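Asks: So that you have it, the file is structure-v3.txt, and it contains compact mmCIF, C-alpha atoms:
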```
# COMPACT_ATOMS: atom_id res chain seq x y z
CA MET A 1 200.44 -42.97 -28.76
CA ASP A 2 200.60 -39.76 -30.71
CA GLY A 3 198.05 -37.03 -30.37
CA MET A 4 196.68 -37.85 -26.98
CA SER A 5 195.41 -34.35 -26.40
CA ASP A 6 191.79 -35.08 -27.23
CA ALA A 7 189.42 -36.05 -24.48
CA LEU A 8 187.28 -39.14 -24.56
CA GLN A 9 184.10 -37.16 -24.09
CA PRO A 10 183.54 -35.27 -27.34
CA ASP A 11 182.84 -31.59 -26.69
CA GLY A 12 180.35 -29.44 -28.54
CA GLU A 13 182.97 -28.30 -31.00
CA THR A 14 183.98 -31.86 -31.81
CA VAL A 15 180.37 -32.82 -32.37
CA GLU A 16 179.96 -29.88 -34.74
CA ARG A 17 183.08 -30.84 -36.67
CA PHE A 18 181.83 -34.41 -36.78
CA ARG A 19 178.53 -33.22 -38.22
CA THR A 20 180.35 -31.40 -40.98
CA VAL A 21 182.89 -34.09 -41.82
CA MET A 22 181.16 -37.42 -41.16
CA LEU A 23 177.41 -36.90 -41.20
CA PRO A 24 177.33 -36.30 -44.97
CA HIS A 25 178.43 -39.93 -45.31
CA LEU A 26 175.48 -41.33 -43.38
CA ASP A 27 173.85 -42.48 -46.60
CA ALA A 28 176.99 -44.40 -47.52
CA ALA A 29 177.21 -45.86 -44.01
CA TYR A 30 173.60 -46.98 -44.11
CA GLY A 31 173.88 -48.26 -47.67
CA PHE A 32 176.93 -50.35 -46.85
CA ALA A 33 175.27 -51.62 -43.66
CA ARG A 34 172.26 -52.60 -45.76
CA TRP A 35 174.35 -54.74 -48.05
CA LEU A 36 176.22 -56.26 -45.14
CA THR A 37 173.19 -57.08 -42.99
CA ARG A 38 170.71 -57.56 -45.85
CA ASP A 39 168.10 -56.28 -43.46
CA PRO A 40 166.85 -52.68 -43.29
CA VAL A 41 166.18 -52.73 -39.54
CA GLN A 42 169.53 -54.23 -38.60
CA ALA A 43 171.19 -51.87 -41.04
CA GLN A 44 169.78 -48.88 -39.15
CA ASP A 45 171.07 -50.23 -35.87
CA VAL A 46 174.52 -50.91 -37.30
CA ALA A 47 174.67 -47.49 -38.98
CA GLN A 48 173.62 -45.72 -35.79
CA GLU A 49 176.08 -47.60 -33.60
CA ALA A 50 178.83 -47.04 -36.15
CA MET A 51 178.14 -43.30 -36.25
CA LEU A 52 178.38 -43.01 -32.48
CA ARG A 53 181.54 -45.11 -32.45
CA ALA A 54 182.96 -42.89 -35.16
CA LEU A 55 182.25 -39.86 -32.98
CA ARG A 56 184.07 -41.41 -30.05
CA TYR A 57 187.06 -42.19 -32.24
CA PHE A 58 186.83 -38.99 -34.20
CA HIS A 59 189.89 -37.59 -32.45
CA ALA A 60 191.86 -40.39 -34.10
CA PHE A 61 190.68 -39.33 -37.55
CA ARG A 62 193.63 -37.55 -39.09
CA GLY A 63 191.91 -36.05 -42.08
CA GLY A 64 192.06 -37.76 -45.43
CA GLU A 65 189.10 -39.55 -46.87
CA ALA A 66 186.25 -39.60 -44.39
CA ARG A 67 184.06 -42.12 -46.20
CA PRO A 68 186.44 -45.13 -46.19
CA TRP A 69 187.30 -44.35 -42.58
CA LEU A 70 183.63 -44.42 -41.66
CA LEU A 71 182.90 -47.52 -43.76
CA ARG A 72 185.63 -49.37 -41.94
CA ILE A 73 183.90 -48.59 -38.65
CA VAL A 74 180.57 -49.68 -40.13
CA ARG A 75 182.06 -53.01 -41.09
CA ASN A 76 183.69 -53.56 -37.70
CA THR A 77 180.47 -52.60 -35.93
CA TRP A 78 178.62 -55.14 -38.03
CA LEU A 79 181.20 -57.85 -37.33
CA ASP A 80 180.92 -57.16 -33.60
CA ALA A 81 177.12 -57.24 -33.71
CA ARG A 82 177.26 -60.53 -35.56
CA LYS A 83 179.65 -61.97 -32.99
CA ARG A 84 177.36 -60.78 -30.21
CA ARG A 85 174.35 -62.44 -31.79
CA ALA A 86 176.33 -65.63 -32.29
CA ALA A 87 177.25 -65.65 -28.60
CA GLU A 88 173.66 -65.11 -27.55
CA GLN A 89 172.19 -67.71 -29.85
CA PRO A 90 174.81 -70.37 -30.49
CA LEU A 91 172.43 -72.48 -32.52
CA GLU A 92 171.44 -69.75 -34.88
CA VAL A 93 173.04 -69.87 -38.26
CA VAL A 94 174.61 -66.49 -38.12
CA GLU A 95 175.12 -66.05 -41.77
CA ASP A 96 173.23 -68.03 -44.26
CA GLU A 97 175.38 -67.49 -47.28
CA ALA A 98 172.66 -68.65 -49.59
CA ALA A 99 170.16 -66.13 -48.25
CA GLU A 100 168.17 -64.35 -50.87
CA GLY A 101 168.68 -60.98 -49.29
CA PRO A 102 166.10 -58.25 -49.58
CA THR A 103 162.94 -59.42 -51.25
CA PRO A 104 161.92 -57.58 -54.36
CA GLU A 105 159.11 -55.84 -52.45
CA GLN A 106 161.47 -54.71 -49.72
CA SER A 107 164.09 -53.36 -51.97
CA ALA A 108 161.47 -51.55 -54.02
CA ILE A 109 163.62 -51.80 -57.06
CA ALA A 110 161.80 -51.18 -60.25
CA GLY A 111 162.39 -53.53 -63.10
CA ASP A 112 163.08 -57.21 -63.19
CA ARG A 113 166.70 -56.86 -64.24
CA ARG A 114 167.64 -54.58 -61.39
CA ARG A 115 165.78 -56.82 -59.02
CA GLN A 116 167.73 -59.80 -60.22
CA VAL A 117 171.03 -57.97 -59.99
CA ALA A 118 170.25 -56.84 -56.44
CA ALA A 119 169.18 -60.35 -55.44
CA ALA A 120 172.28 -61.90 -56.99
CA LEU A 121 174.54 -59.42 -55.19
CA ALA A 122 172.71 -59.95 -51.90
CA ALA A 123 173.07 -63.72 -52.24
CA LEU A 124 176.85 -63.58 -52.63
CA PRO A 125 179.01 -64.67 -49.70
CA THR A 126 180.13 -61.76 -47.53
CA GLU A 127 183.66 -61.73 -48.89
CA ALA A 128 182.48 -61.23 -52.46
CA ARG A 129 179.52 -59.02 -51.60
CA GLU A 130 181.36 -56.45 -49.52
CA ILE A 131 184.17 -55.94 -51.98
CA LEU A 132 181.80 -55.47 -54.93
CA VAL A 133 179.72 -52.97 -52.97
CA LEU A 134 182.82 -51.01 -51.99
CA ARG A 135 184.14 -50.96 -55.55
CA GLU A 136 181.03 -50.59 -57.69
CA ILE A 137 178.52 -48.87 -55.45
CA GLU A 138 180.75 -46.86 -53.13
CA ASP A 139 183.26 -46.36 -55.94
CA LEU A 140 186.28 -46.70 -53.67
CA THR A 141 189.80 -47.08 -55.03
CA TYR A 142 191.80 -50.26 -54.43
CA LYS A 143 193.77 -48.45 -51.77
CA GLU A 144 190.63 -47.33 -49.96
CA ILE A 145 189.11 -50.81 -50.16
CA ALA A 146 192.34 -52.23 -48.75
CA ALA A 147 192.01 -49.84 -45.79
CA VAL A 148 188.35 -50.68 -45.16
CA LEU A 149 188.86 -54.43 -45.34
CA ASP A 150 192.33 -54.40 -43.82
CA LEU A 151 193.82 -56.34 -46.72
CA PRO A 152 196.88 -55.93 -48.94
CA ILE A 153 196.06 -54.40 -52.31
CA GLY A 154 197.03 -57.60 -54.12
CA THR A 155 194.39 -59.49 -52.14
CA VAL A 156 191.84 -56.77 -52.91
CA MET A 157 192.52 -57.27 -56.62
CA SER A 158 192.29 -61.05 -56.56
CA ARG A 159 189.16 -61.04 -54.38
CA LEU A 160 187.54 -58.49 -56.61
CA ALA A 161 188.29 -60.58 -59.69
CA ARG A 162 186.82 -63.69 -58.06
CA ALA A 163 183.76 -61.80 -56.86
CA ARG A 164 183.09 -60.43 -60.33
CA GLU A 165 183.45 -63.83 -61.89
CA LYS A 166 181.04 -65.34 -59.38
CA LEU A 167 178.46 -62.61 -59.77
CA ALA A 168 178.64 -62.78 -63.56
CA GLY A 169 178.07 -66.54 -63.44
CA ASP A 170 175.19 -66.23 -60.98
CA LEU A 171 173.54 -63.51 -63.01
CA GLN A 172 173.75 -65.42 -66.21
CA SER A 173 172.05 -68.43 -64.69
CA ARG A 174 169.44 -66.26 -62.97
CA LEU A 175 168.57 -64.49 -66.15
CA GLY A 176 168.82 -67.58 -68.28
CA ARG A 177 171.20 -66.12 -70.78
CA ARG A 178 173.89 -68.68 -70.60
CA ASP A 179 174.85 -68.30 -74.20
CA HIS A 180 175.42 -64.60 -74.15
CA GLY A 181 177.63 -62.19 -72.39
CA LEU A 182 176.20 -59.84 -69.78
CA ARG A 183 176.16 -56.96 -72.18
CA ASP A 184 173.33 -58.68 -74.03
CA LEU A 185 171.11 -58.57 -70.96
CA MET B 186 201.82 -57.50 -74.03
CA ASP B 187 200.78 -61.12 -74.23
CA CYS B 188 197.18 -62.19 -73.87
CA ALA B 189 197.46 -63.50 -70.33
CA THR B 190 198.83 -60.16 -69.17
CA CYS B 191 196.15 -58.44 -71.14
CA GLU B 192 193.45 -60.50 -69.42
CA ALA B 193 194.82 -59.75 -66.01
CA MET B 194 194.84 -56.05 -66.85
CA VAL B 195 191.15 -55.78 -67.74
CA ASP B 196 189.97 -55.14 -64.19
CA VAL B 197 192.79 -52.78 -63.37
CA TYR B 198 192.09 -50.83 -66.54
CA LEU B 199 188.35 -50.72 -65.92
CA ASP B 200 188.81 -49.68 -62.30
CA GLY B 201 190.95 -46.74 -63.32
CA GLU B 202 193.92 -48.03 -61.40
CA MET B 203 196.31 -48.18 -64.35
CA SER B 204 199.00 -45.63 -65.11
CA ALA B 205 198.60 -43.57 -68.27
CA ALA B 206 201.54 -45.34 -69.92
CA ASP B 207 200.14 -48.78 -69.14
CA CYS B 208 196.72 -47.69 -70.37
CA ALA B 209 198.16 -46.74 -73.74
CA GLU B 210 199.96 -50.06 -74.02
CA PHE B 211 196.86 -51.97 -72.94
CA GLU B 212 194.71 -50.18 -75.49
CA ARG B 213 197.20 -51.01 -78.23
CA ALA B 214 197.11 -54.66 -77.18
CA LEU B 215 193.30 -54.67 -77.15
CA VAL B 216 193.16 -53.82 -80.81
CA LEU B 217 194.98 -57.05 -81.56
CA CYS B 218 193.06 -59.23 -79.17
CA PRO B 219 189.32 -59.85 -79.65
CA ASP B 220 189.07 -62.13 -76.59
CA CYS B 221 190.35 -59.45 -74.29
CA ARG B 222 188.05 -56.91 -75.91
CA LYS B 223 185.10 -59.17 -75.17
CA ARG B 224 186.35 -59.63 -71.63
CA LEU B 225 186.53 -55.89 -71.16
CA ASP B 226 183.03 -55.40 -72.58
CA ASP B 227 181.62 -58.02 -70.23
CA ALA B 228 183.37 -56.49 -67.25
CA ARG B 229 182.03 -53.06 -68.22
CA ALA B 230 178.51 -54.45 -68.54
CA LEU B 231 178.66 -56.08 -65.11
CA SER B 232 179.95 -52.90 -63.56
CA ALA B 233 177.17 -50.90 -65.22
CA LEU B 234 174.54 -53.30 -63.87
CA LEU B 235 175.77 -52.76 -60.33
CA ARG B 236 176.10 -49.04 -60.74
CA GLU B 237 172.54 -48.63 -61.93
CA LEU B 238 171.15 -50.14 -58.72
CA PRO B 239 169.19 -47.35 -57.08
CA PRO B 240 170.86 -45.92 -53.98
CA GLU B 241 169.31 -46.61 -50.59
CA PRO B 242 169.47 -43.36 -48.69
CA ALA B 243 169.45 -43.42 -44.90
CA PRO B 244 165.87 -43.37 -43.60
CA ASP B 245 164.70 -40.12 -41.99
CA LEU B 246 164.09 -41.94 -38.75
CA LEU B 247 167.73 -43.05 -38.58
CA ARG B 248 168.89 -39.53 -39.35
CA ALA B 249 166.65 -38.19 -36.58
CA ARG B 250 167.90 -40.78 -34.08
CA ILE B 251 171.52 -39.89 -34.77
CA ASP B 252 170.76 -36.20 -34.67
CA ARG B 253 169.18 -36.62 -31.25
CA GLU B 254 172.19 -38.56 -29.96
CA LEU B 255 174.59 -35.91 -31.23
CA HIS B 256 172.58 -33.18 -29.54
CA ALA B 257 172.57 -35.12 -26.29
CA ILE B 258 176.32 -35.72 -26.42
CA ALA B 259 177.10 -32.08 -27.21
CA GLY B 260 174.80 -31.02 -24.35
CA ARG B 261 176.31 -33.45 -21.90
CA SER B 262 179.81 -32.20 -22.58
CA GLN B 263 178.71 -28.67 -21.67
CA ASP B 264 177.33 -29.90 -18.37
CA THR B 265 180.57 -31.65 -17.51
CA ALA B 266 182.82 -28.86 -18.76
CA VAL B 267 182.82 -27.08 -15.40
CA ALA B 268 183.44 -30.23 -13.42
CA GLY B 269 186.05 -31.24 -15.94
CA ARG B 270 188.24 -28.26 -15.20
CA SER B 271 189.09 -29.57 -11.77
CA VAL B 272 190.24 -32.89 -13.16
CA SER B 273 193.99 -33.19 -13.05
CA ARG B 274 196.11 -33.21 -16.16
CA ALA B 275 197.14 -36.74 -15.38
CA SER B 276 193.61 -37.99 -15.51
CA LEU B 277 192.95 -36.13 -18.76
CA ARG B 278 195.95 -37.88 -20.17
CA TRP B 279 194.47 -41.15 -19.03
CA THR B 280 191.18 -40.39 -20.62
CA ALA B 281 192.87 -39.49 -23.86
CA MET B 282 194.93 -42.64 -23.75
CA ALA B 283 191.83 -44.69 -23.16
CA ALA B 284 190.13 -43.05 -26.06
CA SER B 285 193.02 -43.84 -28.37
CA LEU B 286 193.36 -47.34 -27.09
CA VAL B 287 189.68 -48.13 -27.23
CA ALA B 288 189.57 -46.69 -30.71
CA ALA B 289 192.60 -48.64 -31.80
CA VAL B 290 191.36 -51.89 -30.33
CA SER B 291 187.87 -51.53 -31.68
CA ILE B 292 188.75 -50.37 -35.13
CA GLY B 293 191.41 -52.99 -35.25
CA TRP B 294 194.21 -50.73 -36.42
CA LEU B 295 196.54 -52.49 -34.03
CA GLY B 296 195.99 -55.75 -35.79
CA GLY B 297 195.18 -58.87 -33.86
CA SER B 298 192.82 -58.79 -30.93
CA LEU B 299 192.47 -60.09 -27.43
CA SER B 300 192.25 -63.53 -28.98
CA THR B 301 189.22 -65.05 -27.27
CA GLN B 302 187.81 -61.74 -26.21
CA GLY B 303 186.03 -59.50 -28.62
CA SER B 304 186.98 -55.89 -29.01
CA ARG B 305 183.88 -55.00 -27.06
CA ASP B 306 185.22 -56.81 -24.01
CA ALA B 307 188.53 -55.04 -24.32
CA ASP B 308 186.62 -51.77 -24.64
CA GLU B 309 184.67 -52.44 -21.52
CA LEU B 310 187.62 -53.58 -19.44
CA THR B 311 189.79 -50.70 -20.48
CA ALA B 312 186.99 -48.24 -19.91
CA GLY B 313 186.49 -49.76 -16.46
CA PHE B 314 190.17 -49.39 -15.65
CA LEU B 315 190.11 -45.81 -16.87
CA ARG B 316 187.22 -44.99 -14.57
CA VAL B 317 189.49 -46.20 -11.80
CA ALA B 318 192.71 -44.60 -13.00
CA SER B 319 191.34 -41.22 -13.99
CA SER B 320 188.85 -40.69 -11.21
CA GLU B 321 189.52 -38.65 -8.10
CA HIS B 322 187.43 -41.25 -6.30
CA PRO B 323 188.46 -44.54 -7.85
CA VAL B 324 186.63 -46.67 -5.31
CA ASP B 325 183.16 -46.61 -3.81
CA VAL B 326 184.30 -48.21 -0.60
CA VAL B 327 187.68 -46.95 0.53
CA SER B 328 189.40 -49.45 2.68
CA SER B 329 192.43 -51.65 2.85
CA ASP B 330 190.53 -53.92 5.21
CA ARG B 331 188.99 -56.81 3.37
CA HIS B 332 186.52 -57.26 6.21
CA THR B 333 185.12 -53.87 5.30
CA VAL B 334 185.24 -54.28 1.55
CA LYS B 335 183.77 -57.74 1.25
CA PRO B 336 180.52 -57.05 3.17
CA TRP B 337 180.12 -53.80 1.26
CA PHE B 338 179.40 -55.82 -1.91
CA ALA B 339 176.62 -57.78 -0.20
CA GLY B 340 173.25 -56.75 -1.57
CA LYS B 341 174.87 -54.71 -4.34
CA ILE B 342 175.82 -57.60 -6.57
CA SER B 343 174.53 -61.15 -6.83
CA TYR B 344 177.69 -62.88 -5.60
CA SER B 345 180.29 -62.53 -2.92
CA PRO B 346 183.74 -61.85 -4.37
CA PRO B 347 186.83 -63.06 -2.53
CA VAL B 348 188.60 -59.97 -1.23
CA HIS B 349 192.22 -59.98 -0.11
CA ASP B 350 194.68 -57.30 0.75
CA LEU B 351 197.90 -57.95 -1.12
CA THR B 352 200.12 -55.44 0.68
CA ALA B 353 202.64 -58.15 1.46
CA ASP B 354 203.05 -58.71 -2.27
CA GLY B 355 203.38 -55.02 -3.01
CA PHE B 356 199.76 -54.45 -4.02
CA PRO B 357 197.87 -52.80 -1.16
CA LEU B 358 194.09 -52.92 -1.47
CA LEU B 359 192.57 -49.47 -1.98
CA GLY B 360 188.96 -50.54 -1.99
CA GLY B 361 186.19 -51.76 -4.24
CA ARG B 362 183.60 -50.56 -6.66
CA ILE B 363 180.77 -51.87 -8.77
CA ASP B 364 181.04 -51.71 -12.50
CA ILE B 365 178.99 -52.94 -15.42
CA TYR B 366 180.64 -55.58 -17.53
CA ASP B 367 178.94 -57.49 -20.29
CA GLY B 368 175.60 -56.10 -19.21
CA ARG B 369 175.74 -57.05 -15.56
CA LYS B 370 177.03 -55.71 -12.29
CA VAL B 371 180.45 -56.95 -11.33
CA ALA B 372 182.83 -56.41 -8.45
CA VAL B 373 186.01 -54.45 -9.13
CA LEU B 374 188.79 -54.50 -6.57
CA VAL B 375 191.29 -51.69 -6.86
CA TYR B 376 194.88 -52.20 -5.84
CA ARG B 377 197.84 -49.87 -5.82
CA HIS B 378 201.32 -50.65 -7.01
CA ASN B 379 203.76 -47.78 -6.46
CA GLN B 380 202.09 -44.89 -8.28
CA HIS B 381 199.93 -47.18 -10.43
CA LYS B 382 196.55 -48.71 -9.93
CA VAL B 383 195.38 -52.16 -10.83
CA ALA B 384 191.70 -52.87 -11.45
CA LEU B 385 190.73 -56.48 -10.80
CA THR B 386 187.28 -57.42 -12.11
CA LEU B 387 185.93 -60.78 -11.06
CA TRP B 388 182.71 -62.74 -11.32
CA PRO B 389 181.66 -66.38 -10.94
CA ALA B 390 182.90 -68.54 -13.80
CA ALA B 391 180.54 -70.63 -15.87
CA SER B 392 183.10 -73.40 -16.02
CA GLY B 393 184.85 -74.92 -13.04
CA ASN B 394 188.09 -75.47 -14.91
CA GLY B 395 190.92 -73.17 -14.18
CA ALA B 396 192.75 -71.31 -16.92
CA PRO B 397 196.22 -69.86 -16.41
CA ALA B 398 196.70 -66.14 -16.67
CA ARG B 399 197.19 -64.81 -20.15
CA ILE B 400 198.83 -61.44 -20.20
CA GLU B 401 198.66 -59.08 -23.11
CA GLN B 402 200.16 -55.69 -23.54
CA ARG B 403 198.79 -52.87 -25.62
CA ASP B 404 200.05 -49.34 -25.74
CA GLY B 405 200.97 -48.89 -22.15
CA PHE B 406 198.18 -51.04 -20.78
CA VAL B 407 198.51 -54.58 -19.58
CA LEU B 408 195.54 -56.89 -19.53
CA ALA B 409 195.45 -60.23 -17.75
CA GLN B 410 192.68 -62.77 -17.96
CA TRP B 411 192.43 -66.04 -16.13
CA ARG B 412 190.07 -68.37 -14.29
CA ARG B 413 190.68 -69.69 -10.84
CA ASP B 414 188.67 -71.22 -8.01
CA GLY B 415 185.36 -70.69 -9.79
CA PHE B 416 186.01 -67.06 -10.70
CA GLU B 417 186.67 -65.32 -13.97
CA LEU B 418 189.35 -62.74 -13.35
CA ARG B 419 190.36 -59.77 -15.46
CA ALA B 420 193.04 -57.33 -14.44
CA VAL B 421 193.90 -54.12 -16.24
CA SER B 422 196.69 -51.73 -15.38
CA ASP B 423 199.50 -49.63 -16.74
CA ILE B 424 202.20 -51.54 -14.86
CA GLU B 425 204.87 -53.69 -16.51
CA PRO B 426 203.86 -57.15 -17.78
CA ALA B 427 206.23 -58.75 -15.25
CA GLU B 428 204.51 -56.82 -12.47
CA MET B 429 201.16 -57.97 -13.78
CA THR B 430 202.39 -61.55 -13.67
CA ALA B 431 203.42 -60.98 -10.06
CA PHE B 432 199.98 -59.53 -9.36
CA THR B 433 198.13 -62.52 -10.84
CA LYS B 434 200.32 -64.85 -8.80
CA ALA B 435 199.62 -62.88 -5.63
CA VAL B 436 195.89 -63.11 -6.34
CA ASP B 437 196.16 -66.84 -6.97
CA ARG B 438 198.02 -67.38 -3.71
CA SER B 439 195.39 -65.43 -1.79
CA LEU B 440 192.60 -67.43 -3.43
CA ALA B 441 194.37 -70.66 -2.54
CA THR B 442 194.43 -69.67 1.12
CA GLY B 443 190.67 -69.19 1.01
CA GLY B 444 188.57 -66.20 1.73
```
If you convert what's in this file into structure tokens, what do you get?
Replies:
Amino acid sequence: MDGMSDALQPDGETVERFRTVMLPHLDAAYGFARWLTRDPVQAQDVAQEAMLRALRYFHAFRGGEARPWLLRIVRNTWLDARKRRAAEQPLEVVEDEAAEGPTPEQSAIAGDRRRQVAAALAALPTEAREILVLREIEDLTYKEIAAVLDLPIGTVMSRLARAREKLAGDLQSRLGRRDHGLRDL
Amino acid sequence: MDCATCEAMVDVYLDGEMSAADCAEFERALVLCPDCRKRLDDARALSALLRELPPEPAPDLLRARIDRELHAIAGRSQDTAVAGRSVSRASLRWTAMAASLVAAVSIGWLGGSLSTQGSRDADELTAGFLRVASSEHPVDVVSSDRHTVKPWFAGKISYSPPVHDLTADGFPLLGGRIDIYDGRKVAVLVYRHNQHKVALTLWPAASGNGAPARIEQRDGFVLAQWRRDGFELRAVSDIEPAEMTAFTKAVDRSLATGG
């Protein structure tokens, strides 16, 4: 239990420091929550709860990269929310892995190709989806991804490879270009 | 570099995770290997597709909600700053410990979790214990007399908790309080053991089956959870695990004698 000098109740100074260090990553927190929840309303709730959690735990933040630290909290907040919903509604299918994710209208993505890419990514199982988002959209290093997902780096690498393979296959069938590589799309 | 190695290296190369020396070797191997070149091109194309997805910035409403919360929290801390000065160092230490523990449990840095309980439950229980341990007034009804404590709960919560003084077992009853656990009001009985306090939270169990006490230790705290005589019981303290075991046994004995 090192560094126990911080109080549970964040003081004004802590809140200010939090604003400077963590708040700039709100977009990343929301973006990641969006890909995890695949729902803009739930994503806001998760992002907000995660931010407040992050503030409460901010005393435990020992510098370093703020974004992976925050994204880890986002993910845990989402996992907890999912567990909570599962407990409340045992019959609900908590995660429909085959869900289509944001509809084209919702995601407001221009262009059919982008729409298809977004839909294919959203339809991936969580394990593949989250790691691709962290690597390709959040541009985290293997080490940072390992910290967010609490995995050894070797597992990060093998999961990432599998996720890429799956997404490439899904995209090719979605776009009907089975005979060509993705670069022809 | 053989082709299998080369294949395996494509991602690492593309992700910028390869050392300069390995990069040079990989690039030399690529020249000789059209399959791996194609593999790299495909991987690059996939990455580009994902990277051209438009970002989804946080909505203004979300930003405003968080901003409001931060203001409120900063304001609240000013209000409590004066009151806070009178709080003893010991209780500040408690609060800090709770903060670290709750953080550690919730973020999962400790690895593992309270098996059947979610981190949220652990949060709530620990926070409840800390309200007891760090407060100058840990109980709402101060009494070692169970005939005072038990009726006090009547009308405040929806059930009547069994209340027993455990002085004979080394855990004198200090009193009781109401706390919120899992969204509802629950009875908390506060016991003392030497210089330590034990918070026992209990509420009617959904299942009639008993479950033996499971005791877990985390960073100076000991948590016990069990089910007995129609009650869910949770105890949190900073005593030794063996002492917690003794406490759960004392509670069980008192429940067996009725009350």
Asks: Which polymer residues have any atom within 12 Å of an atom of Ala435 of chain B, counting all atoms listed in the file, with same-chain residues fewer than 5 positions away left out, as a PDB file with C-alpha atoms, keeping the file's coordinate frame?
Replies:
```pdb
ATOM      1  CA  HIS B 349     192.220 -59.980  -0.110  1.00  0.00           C
ATOM      2  CA  ASP B 350     194.680 -57.300   0.750  1.00  0.00           C
ATOM      3  CA  LEU B 351     197.900 -57.950  -1.120  1.00  0.00           C
ATOM      4  CA  THR B 352     200.120 -55.440   0.680  1.00  0.00           C
ATOM      5  CA  ALA B 353     202.640 -58.150   1.460  1.00  0.00           C
ATOM      6  CA  ASP B 354     203.050 -58.710  -2.270  1.00  0.00           C
ATOM      7  CA  GLY B 355     203.380 -55.020  -3.010  1.00  0.00           C
ATOM      8  CA  PHE B 356     199.760 -54.450  -4.020  1.00  0.00           C
ATOM      9  CA  PRO B 357     197.870 -52.800  -1.160  1.00  0.00           C
ATOM     10  CA  TYR B 376     194.880 -52.200  -5.840  1.00  0.00           C
ATOM     11  CA  ALA B 398     196.700 -66.140 -16.670  1.00  0.00           C
ATOM     12  CA  GLU B 428     204.510 -56.820 -12.470  1.00  0.00           C
ATOM     13  CA  MET B 429     201.160 -57.970 -13.780  1.00  0.00           C
ATOM     14  CA  THR B 430     202.390 -61.550 -13.670  1.00  0.00           C
ATOM     15  CA  LEU B 440     192.600 -67.430  -3.430  1.00  0.00           C
ATOM     16  CA  ALA B 441     194.370 -70.660  -2.540  1.00  0.00           C
ATOM     17  CA  THR B 442     194.430 -69.670   1.120  1.00  0.00           C
TER      18      THR B 442
END
```
Asks: So that I can check the surroundings of segment 162-172 of chain A, please list as a list in words every protein, DNA and RNA residue that reaches within 8 Å of it, counting only C-alpha atoms and ignoring chain neighbours fewer than 6 positions away.
Replies: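 The residues satisfying every condition are Gln116, Val117, Ala120, Leu121, Leu124, Glu127, Ala128, Arg129, Ile131, Leu132, Arg178, Gly181 and Leu182 of chain A; Ala228 and Leu231 of chain B.
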Asks: Please, what distance in Å, to one decimal, runs between atom CA of Phe338 of chain B and atom CA of Glu425 of chain B?
Replies: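 A separation of 29.4 Å between them.
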Asks: For each of B:Lys382, B:Arg377, B:Arg224, B:Arg236, take the minimum atom-to-atom distance to Arg114 of chain A, counting only C-alpha atoms, then give the residue where this is smallest.
Replies: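 Closest to Arg114 of chain A, using only C-alpha atoms: B:Arg236.
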Asks: Given all atoms listed in the file as the basis, pick out the residue of B:Leu238, B:Met194, B:Leu217, B:Ala372 nearest to Arg115 of chain A.
Replies: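 Checking each candidate against Arg115 of chain A, we get B:Leu238 as the closest.
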Asks: Just the residues within 9 Å of Trp78 of chain A, please, counting only C-alpha atoms, with nothing from its chain fewer than 4 positions along; format it as an MDAnalysis selection string.
Replies: chainID A and resid 33 36:37 43 46:47 50 73:74 82:83
Asks: For Arg135 of chain A, please output as a VMD selection string all residues within 8 Å (counting all atoms listed in the file; exclusion window: fewer than 6 positions along the same chain).
Replies: chain A and resid 141 to 142 145
Asks: Take atom CA of Val375 of chain B and atom CA of Leu359 of chain B and report the distance between them in Å, one decimal.
Replies: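 Computing it gives 5.5 Å between the two atoms.
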Asks: I'd like the interatomic distance between atom CA of Ala396 of chain B and atom CA of Ser422 of chain B, to a tenth of an Å.
Replies: 20.0 Å
Asks: What lies within 12 Å of Trp337 of chain B using only C-alpha atoms, ignoring chain neighbours under 6 positions off, as a list in words?
Replies: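 Here the qualifying residues turn out to be Val324, Asp325, Val326, Val327, Ser328, Asp330, Arg331, Tyr344, Ser345, Pro346, Val348, Gly360, Gly361, Arg362, Ile363, Ala372, Val373 and Leu374 of chain B.
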Asks: Let me see the file: selected residues, C-alpha atoms, as a PDB file, in the coordinates of the input.
Replies:
```
ATOM      1  CA  VAL B 324     186.630 -46.670  -5.310  1.00  0.00           C
ATOM      2  CA  ASP B 325     183.160 -46.610  -3.810  1.00  0.00           C
ATOM      3  CA  VAL B 326     184.300 -48.210  -0.600  1.00  0.00           C
ATOM      4  CA  VAL B 327     187.680 -46.950   0.530  1.00  0.00           C
ATOM      5  CA  SER B 328     189.400 -49.450   2.680  1.00  0.00           C
ATOM      6  CA  ASP B 330     190.530 -53.920   5.210  1.00  0.00           C
ATOM      7  CA  ARG B 331     188.990 -56.810   3.370  1.00  0.00           C
ATOM      8  CA  TYR B 344     177.690 -62.880  -5.600  1.00  0.00           C
ATOM      9  CA  SER B 345     180.290 -62.530  -2.920  1.00  0.00           C
ATOM     10  CA  PRO B 346     183.740 -61.850  -4.370  1.00  0.00           C
ATOM     11  CA  VAL B 348     188.600 -59.970  -1.230  1.00  0.00           C
ATOM     12  CA  GLY B 360     188.960 -50.540  -1.990  1.00  0.00           C
ATOM     13  CA  GLY B 361     186.190 -51.760  -4.240  1.00  0.00           C
ATOM     14  CA  ARG B 362     183.600 -50.560  -6.660  1.00  0.00           C
ATOM     15  CA  ILE B 363     180.770 -51.870  -8.770  1.00  0.00           C
ATOM     16  CA  ALA B 372     182.830 -56.410  -8.450  1.00  0.00           C
ATOM     17  CA  VAL B 373     186.010 -54.450  -9.130  1.00  0.00           C
ATOM     18  CA  LEU B 374     188.790 -54.500  -6.570  1.00  0.00           C
TER      19      LEU B 374
END
```
